[in-house]
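*Asks:* Provided herewith is a single structure, encoded as structure tokens, for subsequent inquiry.
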Amino acid sequence: MSSVDALPPCTDIRLTTGLRVTAVRLATVGRVEVRLSVPLGSADDGPEPTARAAVLAACVLRGTTGADGTSVDHALGMAGGNVVPLAGAGHLALRGGVLTDGLDTLLRILAGALSSAAYTDDEVAAARTVLGGQTAVARMTPGVAARALLARHAPGWTAGRPQEPPTPDDIAKVTPEQVRALHTRALVPTRARLVLVGDLDPEAATEAAREAFAEWTARGARRPEPDTAPPAPADTRTFAPGVLALHPAVQPRTAQIRLCSVRDGEPLGPAVRLAAGVLGGHPGSRLVTRLRERHGYTYAVRAWVEERPWRQPYGTGGRAEGHRLLVEVDTAPQKAAALLDALGDELARMVVQPPSAGEVAAARAHFSGSLLIAWSTQAGLADALADPALGAPAGPADLREPVDALRRTSVEAVAEAARAICSPDRFTGVVVGACDGLRPAHWSVVAPPVAPV
């Protein structure tokens, strides 16, 4: 993307139904990557609405048929395609791809699902059973369990609303009526984005989408009812920054440490991304150098930033500002105390000894290089164009701005971002599976009431 001439051909239009379609020709292989995303409402509504979204995603392709009346799986297989429905961060995403000559078939399948998914009682019951089992197994793994506990205890994006993902019990409570109501309310073309990237003609692909989705309209859509969700139960307490919640081991031989620093009211900018990169975002970062290379406390440590998820009410089209810095690291239980002290020291050093010009240059090169490599592929470019966190880019040209912003960001701005978010006393965290006598130098430790993960 070094010059305008190097940019691939692209169209970005809004159809008369309200559906926005972006089509980009990137003919590296004879395939088209397809991403269709629709906001479902607030991303902060807690586990019960998230459970309804998960069941909707599991059912949205059930009960629909391919272009010739066959099952969706069979029709997609015959066209050389696949689609995976996912629900998360307040969105439903239909993510997949197809061989070039099967694009029309895939578009008709997606349009049929969005305009006429049945959500019968039997389909919803089957989805609940499968999702409940998958969720129970996933929450038994150390990494997933630790992240769920961090979501339970860390300060949320909004007061009093748990960020914790749904449990099997939450999923079991979802009714077919709730799923059908969510589809009617949320799955409307005026809020949706379709991205097509691959071996295609952008104009022809846009016309194919126009024909396939002509019947998908906003009939019956309505605004959601006022939020009346109950407060979080007493055993899902959140803790103020500077506190670590100590939990029993998920696996006896592994201790998981998860930390979160939240900044409300501040947009996520390139300076914060670069500060996170210096801290723990690439192989030469401070945490990797100290915790892995110098002391051997861990094999892998990671620090990254996330923008506040979609949280605005249906139809407002807004986004609230805010971001959080997260740190993940696993170690042996007997090394947890020493690792926490070293981790706290490095966070404090980000404040008193902010990133140098060389560190910022290394983080900038790693981050921008990773983006450019990802965007050179059909799947990576489709993911970027469909990512709401990037500001709904209209095409590859708009993706230059994130990389250019990294290059424009000064060392002083990165140092200021590090001082604002990296101080140890800004972090809330969980430690899973460490010894009971843990006394880290930079945090206080509490043992919360034990509740199912």
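In the structure tokens, chains take the letters A, B, ... in the order shown, each chain's residues start at 1, and ligands count up from 1 in the order shown.
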I need the strand (DSSP E) residues of segment 253-440 of chain A per DSSP on the backbone, written as an mmCIF file with N, CA and C atoms, in the first residue's frame.

*Replies:*
```cif
data_model
loop_
_atom_site.group_PDB
_atom_site.id
_atom_site.type_symbol
_atom_site.label_atom_id
_atom_site.label_comp_id
_atom_site.auth_asym_id
_atom_site.auth_seq_id
_atom_site.Cartn_x
_atom_site.Cartn_y
_atom_site.Cartn_z
ATOM 1 N N ALA A 255 0.127 -21.666 37.452
ATOM 2 C CA ALA A 255 -0.466 -20.450 38.015
ATOM 3 C C ALA A 255 -0.692 -19.470 36.874
ATOM 4 N N GLN A 256 -1.890 -18.915 36.825
ATOM 5 C CA GLN A 256 -2.231 -17.930 35.788
ATOM 6 C C GLN A 256 -2.359 -16.558 36.426
ATOM 7 N N ILE A 257 -1.761 -15.566 35.792
ATOM 8 C CA ILE A 257 -1.822 -14.177 36.266
ATOM 9 C C ILE A 257 -2.411 -13.334 35.151
ATOM 10 N N ARG A 258 -3.487 -12.608 35.464
ATOM 11 C CA ARG A 258 -4.153 -11.748 34.495
ATOM 12 C C ARG A 258 -4.377 -10.376 35.135
ATOM 13 N N LEU A 259 -3.941 -9.326 34.459
ATOM 14 C CA LEU A 259 -4.062 -7.967 34.970
ATOM 15 C C LEU A 259 -4.792 -7.084 33.973
ATOM 16 N N CYS A 260 -5.491 -6.073 34.490
ATOM 17 C CA CYS A 260 -6.270 -5.183 33.633
ATOM 18 C C CYS A 260 -6.222 -3.765 34.198
ATOM 19 N N SER A 261 -5.859 -2.802 33.354
ATOM 20 C CA SER A 261 -5.869 -1.383 33.702
ATOM 21 C C SER A 261 -6.841 -0.670 32.771
ATOM 22 N N VAL A 262 -7.839 0.003 33.338
ATOM 23 C CA VAL A 262 -8.923 0.601 32.567
ATOM 24 C C VAL A 262 -8.786 2.125 32.558
ATOM 25 N N ARG A 263 -8.999 2.723 31.388
ATOM 26 C CA ARG A 263 -9.074 4.196 31.278
ATOM 27 C C ARG A 263 -10.399 4.550 30.619
ATOM 28 N N ASP A 264 -11.310 5.064 31.400
ATOM 29 C CA ASP A 264 -12.589 5.526 30.860
ATOM 30 C C ASP A 264 -12.442 6.936 30.314
ATOM 31 N N VAL A 301 4.605 -14.281 27.717
ATOM 32 C CA VAL A 301 3.913 -13.190 28.398
ATOM 33 C C VAL A 301 3.441 -12.231 27.325
ATOM 34 N N ARG A 302 2.271 -11.642 27.536
ATOM 35 C CA ARG A 302 1.697 -10.795 26.497
ATOM 36 C C ARG A 302 1.016 -9.596 27.134
ATOM 37 N N ALA A 303 1.195 -8.437 26.525
ATOM 38 C CA ALA A 303 0.477 -7.222 26.915
ATOM 39 C C ALA A 303 -0.144 -6.626 25.664
ATOM 40 N N TRP A 304 -1.401 -6.204 25.756
ATOM 41 C CA TRP A 304 -2.074 -5.608 24.606
ATOM 42 C C TRP A 304 -3.186 -4.690 25.092
ATOM 43 N N VAL A 305 -3.690 -3.873 24.193
ATOM 44 C CA VAL A 305 -4.750 -2.936 24.537
ATOM 45 C C VAL A 305 -6.006 -3.265 23.749
ATOM 46 N N GLU A 306 -7.140 -2.954 24.342
ATOM 47 C CA GLU A 306 -8.441 -3.145 23.706
ATOM 48 C C GLU A 306 -9.237 -1.856 23.808
ATOM 49 N N GLU A 307 -9.919 -1.515 22.735
ATOM 50 C CA GLU A 307 -10.860 -0.405 22.772
ATOM 51 C C GLU A 307 -12.136 -0.846 23.453
ATOM 52 N N GLY A 322 -12.918 4.860 25.596
ATOM 53 C CA GLY A 322 -12.296 4.154 26.701
ATOM 54 C C GLY A 322 -11.435 3.021 26.170
ATOM 55 N N HIS A 323 -10.478 2.597 26.968
ATOM 56 C CA HIS A 323 -9.657 1.457 26.571
ATOM 57 C C HIS A 323 -9.084 0.817 27.824
ATOM 58 N N ARG A 324 -8.506 -0.361 27.641
ATOM 59 C CA ARG A 324 -7.883 -1.050 28.757
ATOM 60 C C ARG A 324 -6.616 -1.749 28.294
ATOM 61 N N LEU A 325 -5.654 -1.836 29.186
ATOM 62 C CA LEU A 325 -4.403 -2.546 28.958
ATOM 63 C C LEU A 325 -4.460 -3.853 29.727
ATOM 64 N N LEU A 326 -4.190 -4.956 29.052
ATOM 65 C CA LEU A 326 -4.250 -6.273 29.673
ATOM 66 C C LEU A 326 -2.892 -6.950 29.603
ATOM 67 N N VAL A 327 -2.588 -7.722 30.634
ATOM 68 C CA VAL A 327 -1.345 -8.499 30.696
ATOM 69 C C VAL A 327 -1.708 -9.933 31.051
ATOM 70 N N GLU A 328 -1.165 -10.887 30.306
ATOM 71 C CA GLU A 328 -1.377 -12.312 30.560
ATOM 72 C C GLU A 328 -0.031 -12.997 30.702
ATOM 73 N N VAL A 329 0.100 -13.819 31.741
ATOM 74 C CA VAL A 329 1.327 -14.594 31.914
ATOM 75 C C VAL A 329 1.010 -15.816 32.770
ATOM 76 N N ASP A 330 1.580 -16.943 32.421
ATOM 77 C CA ASP A 330 1.461 -18.184 33.186
ATOM 78 C C ASP A 330 2.834 -18.578 33.710
ATOM 79 N N THR A 331 2.844 -19.279 34.838
ATOM 80 C CA THR A 331 4.110 -19.697 35.421
ATOM 81 C C THR A 331 3.875 -20.885 36.334
ATOM 82 N N PHE A 427 -3.813 -1.267 38.126
ATOM 83 C CA PHE A 427 -4.227 -2.590 37.670
ATOM 84 C C PHE A 427 -5.032 -3.326 38.720
ATOM 85 N N THR A 428 -6.108 -3.956 38.256
ATOM 86 C CA THR A 428 -6.814 -4.982 39.008
ATOM 87 C C THR A 428 -6.446 -6.317 38.371
ATOM 88 N N GLY A 429 -6.373 -7.391 39.166
ATOM 89 C CA GLY A 429 -5.962 -8.649 38.555
ATOM 90 C C GLY A 429 -6.446 -9.856 39.307
ATOM 91 N N VAL A 430 -6.198 -11.014 38.711
ATOM 92 C CA VAL A 430 -6.476 -12.293 39.350
ATOM 93 C C VAL A 430 -5.217 -13.141 39.275
ATOM 94 N N VAL A 431 -5.009 -13.922 40.311
ATOM 95 C CA VAL A 431 -3.929 -14.904 40.363
ATOM 96 C C VAL A 431 -4.582 -16.239 40.667
ATOM 97 N N VAL A 432 -4.469 -17.161 39.744
ATOM 98 C CA VAL A 432 -5.132 -18.454 39.869
ATOM 99 C C VAL A 432 -4.071 -19.523 40.088
#
```

*Asks:* Using DSSP secondary structure from the backbone, list all helix (DSSP H, G or I) positions within segment 62-292 of chain A, as a ChimeraX atom specification.

*Replies:* /A:72-79,100-116,121-138,142-153,168-172,176-186,189-191,202-212,234-236,270-280,286-292

*Asks:* Those selected residues, please, written with C-alpha atoms and delivered as a CSV table (one decimal), in the first residue's frame.

*Replies:*
```
chain,number,residue,atom,x,y,z
A,72,VAL,CA,-26.8,-25.2,4.3
A,73,ASP,CA,-23.8,-27.5,5.0
A,74,HIS,CA,-24.3,-29.5,1.9
A,75,ALA,CA,-24.9,-26.4,-0.3
A,76,LEU,CA,-21.8,-24.7,1.1
A,77,GLY,CA,-19.7,-27.8,0.6
A,78,MET,CA,-20.8,-28.1,-3.1
A,79,ALA,CA,-19.8,-24.5,-3.6
A,100,THR,CA,-14.8,-17.8,-6.7
A,101,ASP,CA,-17.5,-19.4,-8.7
A,102,GLY,CA,-19.5,-20.2,-5.6
A,103,LEU,CA,-19.9,-16.6,-4.4
A,104,ASP,CA,-23.5,-16.3,-5.6
A,105,THR,CA,-24.5,-19.4,-3.7
A,106,LEU,CA,-22.9,-18.3,-0.5
A,107,LEU,CA,-24.6,-14.9,-0.7
A,108,ARG,CA,-28.0,-16.4,-1.2
A,109,ILE,CA,-27.4,-18.7,1.8
A,110,LEU,CA,-26.5,-15.8,4.0
A,111,ALA,CA,-29.4,-13.7,2.8
A,112,GLY,CA,-31.8,-16.5,3.5
A,113,ALA,CA,-30.5,-17.0,7.0
A,114,LEU,CA,-30.8,-13.3,7.9
A,115,SER,CA,-34.2,-12.9,6.4
A,116,SER,CA,-35.9,-16.2,7.3
A,121,ASP,CA,-37.9,-24.9,19.6
A,122,ASP,CA,-36.0,-28.0,18.6
A,123,GLU,CA,-33.2,-26.0,17.0
A,124,VAL,CA,-32.8,-23.7,20.0
A,125,ALA,CA,-32.8,-26.7,22.3
A,126,ALA,CA,-30.1,-28.5,20.3
A,127,ALA,CA,-28.0,-25.3,20.2
A,128,ARG,CA,-28.3,-24.8,23.9
A,129,THR,CA,-27.1,-28.4,24.5
A,130,VAL,CA,-24.1,-28.1,22.3
A,131,LEU,CA,-23.1,-24.6,23.5
A,132,GLY,CA,-23.6,-25.6,27.2
A,133,GLY,CA,-21.2,-28.5,26.8
A,134,GLN,CA,-18.7,-26.5,24.9
A,135,THR,CA,-18.8,-23.7,27.4
A,136,ALA,CA,-18.4,-26.0,30.4
A,137,VAL,CA,-15.3,-27.6,28.8
A,138,ALA,CA,-13.8,-24.3,27.8
A,142,PRO,CA,-6.8,-22.5,32.8
A,143,GLY,CA,-6.6,-19.6,30.3
A,144,VAL,CA,-10.3,-19.3,29.8
A,145,ALA,CA,-11.0,-19.7,33.5
A,146,ALA,CA,-8.5,-17.0,34.4
A,147,ARG,CA,-10.0,-14.6,31.8
A,148,ALA,CA,-13.5,-15.2,33.2
A,149,LEU,CA,-12.3,-14.5,36.7
A,150,LEU,CA,-10.6,-11.3,35.6
A,151,ALA,CA,-13.9,-10.2,33.9
A,152,ARG,CA,-15.7,-10.9,37.2
A,153,HIS,CA,-13.4,-8.9,39.4
A,168,PRO,CA,-23.7,-23.1,30.9
A,169,ASP,CA,-26.6,-22.1,33.2
A,170,ASP,CA,-27.0,-18.8,31.4
A,171,ILE,CA,-27.2,-20.6,28.1
A,172,ALA,CA,-29.7,-23.2,29.4
A,176,PRO,CA,-36.7,-19.7,21.6
A,177,GLU,CA,-38.9,-16.6,22.1
A,178,GLN,CA,-35.9,-14.6,23.3
A,179,VAL,CA,-33.7,-15.6,20.3
A,180,ARG,CA,-36.5,-14.8,17.8
A,181,ALA,CA,-37.0,-11.4,19.4
A,182,LEU,CA,-33.3,-10.7,19.3
A,183,HIS,CA,-33.2,-11.5,15.6
A,184,THR,CA,-36.2,-9.3,14.8
A,185,ARG,CA,-34.8,-6.4,16.8
A,186,ALA,CA,-31.1,-6.5,15.8
A,189,PRO,CA,-29.7,-4.4,7.0
A,190,THR,CA,-29.5,-0.8,8.0
A,191,ARG,CA,-26.9,-1.7,10.7
A,202,PRO,CA,-16.0,-5.4,-7.3
A,203,GLU,CA,-18.9,-4.0,-9.4
A,204,ALA,CA,-20.2,-7.5,-10.3
A,205,ALA,CA,-19.8,-8.7,-6.7
A,206,THR,CA,-21.7,-5.7,-5.4
A,207,GLU,CA,-24.5,-6.4,-7.9
A,208,ALA,CA,-24.6,-10.0,-6.8
A,209,ALA,CA,-25.0,-8.9,-3.2
A,210,ARG,CA,-27.8,-6.5,-4.2
A,211,GLU,CA,-29.8,-9.3,-5.8
A,212,ALA,CA,-29.1,-11.8,-3.1
A,234,ALA,CA,-22.8,-10.5,45.6
A,235,ASP,CA,-20.1,-13.1,44.9
A,236,THR,CA,-19.1,-11.4,41.6
A,270,PRO,CA,-1.4,5.0,18.6
A,271,ALA,CA,0.6,6.2,21.6
A,272,VAL,CA,-1.1,3.7,23.9
A,273,ARG,CA,-0.7,0.9,21.4
A,274,LEU,CA,3.0,1.6,21.2
A,275,ALA,CA,3.3,1.8,25.0
A,276,ALA,CA,1.7,-1.6,25.2
A,277,GLY,CA,4.1,-2.9,22.5
A,278,VAL,CA,7.1,-1.7,24.5
A,279,LEU,CA,5.8,-3.3,27.6
A,280,GLY,CA,5.0,-6.7,26.3
A,286,ARG,CA,10.4,-5.3,28.4
A,287,LEU,CA,8.3,-8.1,29.9
A,288,VAL,CA,9.5,-10.7,27.5
A,289,THR,CA,13.1,-9.8,28.1
A,290,ARG,CA,12.9,-9.8,31.9
A,291,LEU,CA,10.4,-12.5,32.7
A,292,ARG,CA,11.4,-15.0,30.0
```

*Asks:* Determine the nearest neighbour of Ala379 of chain A from the options A:Leu196, A:Ala240, A:Ala447, A:Leu61, counting only C-alpha atoms.

*Replies:* A:Leu196
